[in-house]
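Novice: First the structure, which I've put down as structure tokens, then a few questions once you've had a look.
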Amino acid sequence: MLVLAGPGSGKTYVITQRIRALIRNGVEPGQILVVTFTNAAAREMKERFQALMQGSPDCAKVTFGTFHSVFFTILRYAYGYTGNDILREQERRQIVTESLRHRQAELLEEEDLVSGLITEIGFVKEERMDPAYYHSMNCPDEIFRQVYADYEQVLRANRKIDFEDMLVFAYELLSAREDIRAAWSQKFRYIMVDEFQDINPIQYQTLKLLAKPSNHLFCVGDDDQSIYHFRGARPEIMLGFERDYPGCEKVVLEENYRSDGAILAAAARVIRHNRVRFPKEVRTGHSPGVPVEARVFADCAKEYEGIARRILEYQKGGMPLHEMAVLVRTNTQSRGILEKLAEYNIPFFSKERVPCLYDHWIVKNLLAYMKFAGGIRERGLFLQIMNRPNRYIRREAVSEPYVDFRDLIAYYEDKDWMEERLRSFQFDLQMLFGKDPYSAICYIEKKIGYGDYLDEYASARGIHAEDLHEVLEEVKEGAKAFRTWQEWEAYMDAFRERLSEQQQANAREAQAKDAVIVSTMHQAKGLEYTAVFLPDVNEGILPYRKAVLDSDIEEERRMFYVAMTRARRFLHVYAVRERYSKEMELSRFFLEMGGEGTDRARESLRLK
């Protein structure tokens, strides 16, 4: 059976009731397997079932687990693996970091590169793909293949397995050993899968092996909420379920018990634009409620201020802060929002580690230019900037703790062209002296050629130059408020400290503290709030600029749909006309919502 469970339709309730019904109809509890995608979801499902059964002994016999835990159990019995054989996340990061350090150390400057490569390695393994045919989105393909080979070599040399190996090895074992497959199929005769839309091919193929020959598969999910393609999820598996199991039954849970009518109506208008989906009409028994607020701000600063002010209004009206959420497409968007919340002394909670803008290597380069121009002639600062852009200065030319241009020029006295470059460099530093941070950054970018350097850097490493330029624009925008680099640096230090304190408090107190939730849309799936804010709903952000194929756009639309349906009573969808001095377009999704707010926004931007 396939159960299409729309947002807020009670899928957990359906699964727990189904388990109870099976047991009451004579099914042995030990033959029931419930598979989820996260440990938290498995715990919640088990707790809900225990509450339903009121402490019955049958509760302990039903197996609740993730795909990884179930498949690891199979491998443990077959090969004797223990928990010590599982590669820890820190070990994964260490292996990839060491490989990069030996291959191309400067790549380590890039924020989140190691995490990106770990994700890609996992994707290649789960897809059972030859890395020679994979094109990395994080670094040059040759570097990726070398890192992948290093990673696998370390695993095999130490008899370690990672989470992707658990899936692949379990599939290969059950495919090759019919006796083992039959034993586990007899053990788990009744299989239920939660969040079925998030399944990937290797999980599905293994699941099909376990379900044979009785095929007692009960799969619950919503194809409109499939947003994990980057982890290997394939919504087409769910869409093809009826083809794989002819004669299977299908039930659609169309009633939403969470959101008011106006929110659901707007979300439905958006998701109908997707072509590859099961048709369904989500409805609610709630009143229409407050219309969705669709609003366009002049720029990000005004948008973030608008969010902060509205949060304070809700709080004054009696709404707890933890009932409000700001959901963003990527966690880098959180930076400006968190700064504004901190400015207004509004407590916030974020599960993800929000990357601090001021820790980015671009910021460090810019500040090094200003400090060096301001008279701090330390060798470490000079090494950061001497070849950004490339001036062909050798490290051997800078041997003293402090740099003197007379010594440099003397070092290259037999090379007129190098002397010319050094004098030009010296002139640029003199021009930077005394400039405010914003003017200095503009000079470094345009006159010195740092903007061109970023283009060359991105091209050489196979990454998107636009991502680097966006960081540069964000830095420029933030620098406008300061008169000197000393003021700017003091602000950076204070913000780092405040952000660190907040994140430590988050780790200690978790969500028990009354605080606004700031989260990516991915992380917010499955959660709900009284009021939800969706900022920066502009083309290039949502849908994300890297989404180019029709299937990519449909997934971005599903993500917007998921974010919209987190709201129970109040939904605020915001966009900006300008972002970091760049003119922005309204997202197509913003316009697809319809309603008065969208019409006013369209008119204000003179959009047809």
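Naming works like this for the structure tokens: A, B, ... for the chains as they're shown, residue 1 at the start of each chain, ligands 1 onward in shown order.
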Please provide the set of residues having any atom within 6 Å of A:Ala262, restricted to only C-alpha atoms, with same-chain residues fewer than 3 positions apart removed, written as a PDB file with all heavy atoms, in the first residue's frame.

Specialist:
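Final file, out.pdb:
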```pdb
ATOM      1  N   ALA A 265      -4.107  27.368   0.660  1.00  0.00           N
ATOM      2  CA  ALA A 265      -4.522  27.758  -0.692  1.00  0.00           C
ATOM      3  C   ALA A 265      -3.341  28.321  -1.477  1.00  0.00           C
ATOM      4  O   ALA A 265      -3.138  27.979  -2.658  1.00  0.00           O
ATOM      5  CB  ALA A 265      -5.651  28.779  -0.616  1.00  0.00           C
ATOM      6  N   PRO A 288     -10.310  30.197   7.010  1.00  0.00           N
ATOM      7  CA  PRO A 288      -9.308  30.749   6.082  1.00  0.00           C
ATOM      8  C   PRO A 288      -8.177  31.453   6.818  1.00  0.00           C
ATOM      9  O   PRO A 288      -7.030  31.411   6.395  1.00  0.00           O
ATOM     10  CB  PRO A 288     -10.130  31.736   5.235  1.00  0.00           C
ATOM     11  CG  PRO A 288     -11.521  31.229   5.301  1.00  0.00           C
ATOM     12  CD  PRO A 288     -11.680  30.637   6.676  1.00  0.00           C
ATOM     13  N   PRO A 291      -4.694  36.319   5.693  1.00  0.00           N
ATOM     14  CA  PRO A 291      -4.036  36.142   4.387  1.00  0.00           C
ATOM     15  C   PRO A 291      -2.513  36.103   4.513  1.00  0.00           C
ATOM     16  O   PRO A 291      -1.939  36.713   5.424  1.00  0.00           O
ATOM     17  CB  PRO A 291      -4.486  37.375   3.598  1.00  0.00           C
ATOM     18  CG  PRO A 291      -5.731  37.849   4.281  1.00  0.00           C
ATOM     19  CD  PRO A 291      -5.555  37.517   5.733  1.00  0.00           C
TER      20      PRO A 291
END
```

Novice: Please run DSSP on the backbone and report, as a ChimeraX atom specification, all residues within stretch 125-352 of chain A that come out as strand (DSSP E or B).

Specialist: /A:161,190-193,217-221,250-253,255-256,283-284,293-299,324-328,348-349

Novice: Could you list, as a compact mmCIF listing (two decimals) with C-alpha atoms, in the first residue's frame, every residue within 7 Å of stretch 267-278 of chain A, counting only C-alpha atoms and ignoring same-chain residues fewer than 4 positions away?

Specialist:
```txt
# COMPACT_ATOMS: atom_id res chain seq x y z
CA ASP A 223 6.02 13.30 -3.27
CA ASP A 224 5.41 17.05 -2.95
CA ILE A 263 -1.80 29.36 3.81
CA GLU A 554 10.59 21.30 -9.37
CA ARG A 557 9.39 24.52 -5.73
CA ARG A 558 8.78 21.57 -3.41
CA TYR A 561 5.98 24.36 -0.54
CA MET A 564 5.12 27.48 3.46
CA THR A 565 3.30 24.56 5.07
CA PHE A 589 7.37 30.98 -6.77
CA GLU A 592 2.77 31.69 -8.26
CA MET A 593 1.28 32.17 -4.80
```

Novice: Looking at only C-alpha atoms, which of A:Gly462, A:Gly434, A:Gly232, A:Gly221 is the one that sits closest to A:Lys11?

Specialist: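 So, comparing all the options, the nearest one is A:Gly221.
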
Novice: Skipping near chain neighbours, those fewer than 6 positions away, what residues fall within 12 Å of A:Phe560 using only C-alpha atoms, listed as a PyMOL selection string?

Specialist: chain A and resi 224-227+266-271+274+327-329+520-522+524-525+533-538+541-544+553-554+566-567+573+587-590+592-593

Novice: At a cut-off of 7 Å, using only C-alpha atoms, what residues contact stretch 400-407 of chain A? Leave out same-chain residues fewer than 2 positions from it and give the result as a list of chain:residue names.

Specialist: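 Skipping anything fewer than 2 positions along the chain leaves A:Arg377, A:Glu378, A:Arg379, A:Val398, A:Ile409, A:Ala410, A:Tyr411.
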
Novice: Please produce a file of those selected residues containing C-alpha atoms, as an mmCIF file, in the first residue's frame.

Specialist:
```
data_model
loop_
_atom_site.group_PDB
_atom_site.id
_atom_site.type_symbol
_atom_site.label_atom_id
_atom_site.label_comp_id
_atom_site.auth_asym_id
_atom_site.auth_seq_id
_atom_site.Cartn_x
_atom_site.Cartn_y
_atom_site.Cartn_z
ATOM 1 C CA ARG A 377 54.014 45.197 8.046
ATOM 2 C CA GLU A 378 53.980 41.673 9.479
ATOM 3 C CA ARG A 379 55.140 38.880 7.172
ATOM 4 C CA VAL A 398 60.069 37.502 2.199
ATOM 5 C CA ILE A 409 62.935 45.598 -4.675
ATOM 6 C CA ALA A 410 66.587 44.798 -3.926
ATOM 7 C CA TYR A 411 65.774 41.061 -4.120
#
```

Novice: Write out as CSV a residue-level contact list of stretch 430-540 of chain A versus stretch 140-143 of chain A with cut-off 9 Å: for each qualifying residue the closest pair of atoms and the distance in Å to one decimal, counting only C-alpha atoms, rows sorted by chain and residue number upward.

Specialist:
```
residue,atom,partner,partner_atom,distance
A:Ala460,CA,A:Pro140,CA,7.7
A:Arg461,CA,A:Pro140,CA,5.3
A:Gly462,CA,A:Pro140,CA,5.0
A:Ile463,CA,A:Pro140,CA,8.1
```

Novice: Only C-alpha atoms, please: the residues just picked out, written as a CSV table (one decimal), in the first residue's frame.

Specialist:
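What follows is the written file result-v5.csv:
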```csv
chain,number,residue,atom,x,y,z
A,460,ALA,CA,41.0,27.1,-11.5
A,461,ARG,CA,39.1,25.2,-8.8
A,462,GLY,CA,36.0,24.4,-10.7
A,463,ILE,CA,33.6,26.4,-8.3
```

Novice: My list of candidates is A:His572, A:Arg24, A:Arg394, A:His135. Which is closest to A:Arg310 when distances are computed with only C-alpha atoms?

Specialist: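 Closest residue, counting only C-alpha atoms: A:His572.
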
Novice: If we count only C-alpha atoms and set the cut-off at 12 Å, which residues sit around A:Arg43, ignoring sequence neighbours fewer than 4 positions away in its own chain? Please answer as a list in words.

Specialist: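 Non-adjacent residues within range: Thr12, Val34, Val35, Thr36, Phe37, Thr38, Asn39, Glu47, Arg48, Phe49, Gln50, Thr63, Phe64, Gly65 and Thr66 of chain A.
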
Novice: To one decimal place, how far is atom CA of A:Ala149 from atom CA of A:Glu91 in Å?

Specialist: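 These two atoms are separated by 15.7 Å.
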
Novice: For a quick check of understanding, using only C-alpha atoms, which of A:Glu445, A:Gln94, A:Met192, A:Met1 has the smallest distance to A:Glu242?

Specialist: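 Of A:Glu445, A:Gln94, A:Met192, A:Met1, the one nearest A:Glu242, counting only C-alpha atoms, is A:Met1.
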
Novice: Between A:Phe349, A:Tyr171, A:Phe218, A:Tyr358, which is the closest to A:Arg496 once you count only C-alpha atoms?

Specialist: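 Smallest distance to A:Arg496 is found for A:Tyr358.
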
Novice: When you look at stretch 298-306 of chain A with a cut-off of 6 Å (counting only C-alpha atoms), what residues show up, excluding the ones that are within fewer than 2 positions of it in the same chain? I need them as a ChimeraX atom specification.

Specialist: /A:308-309,337,576-579
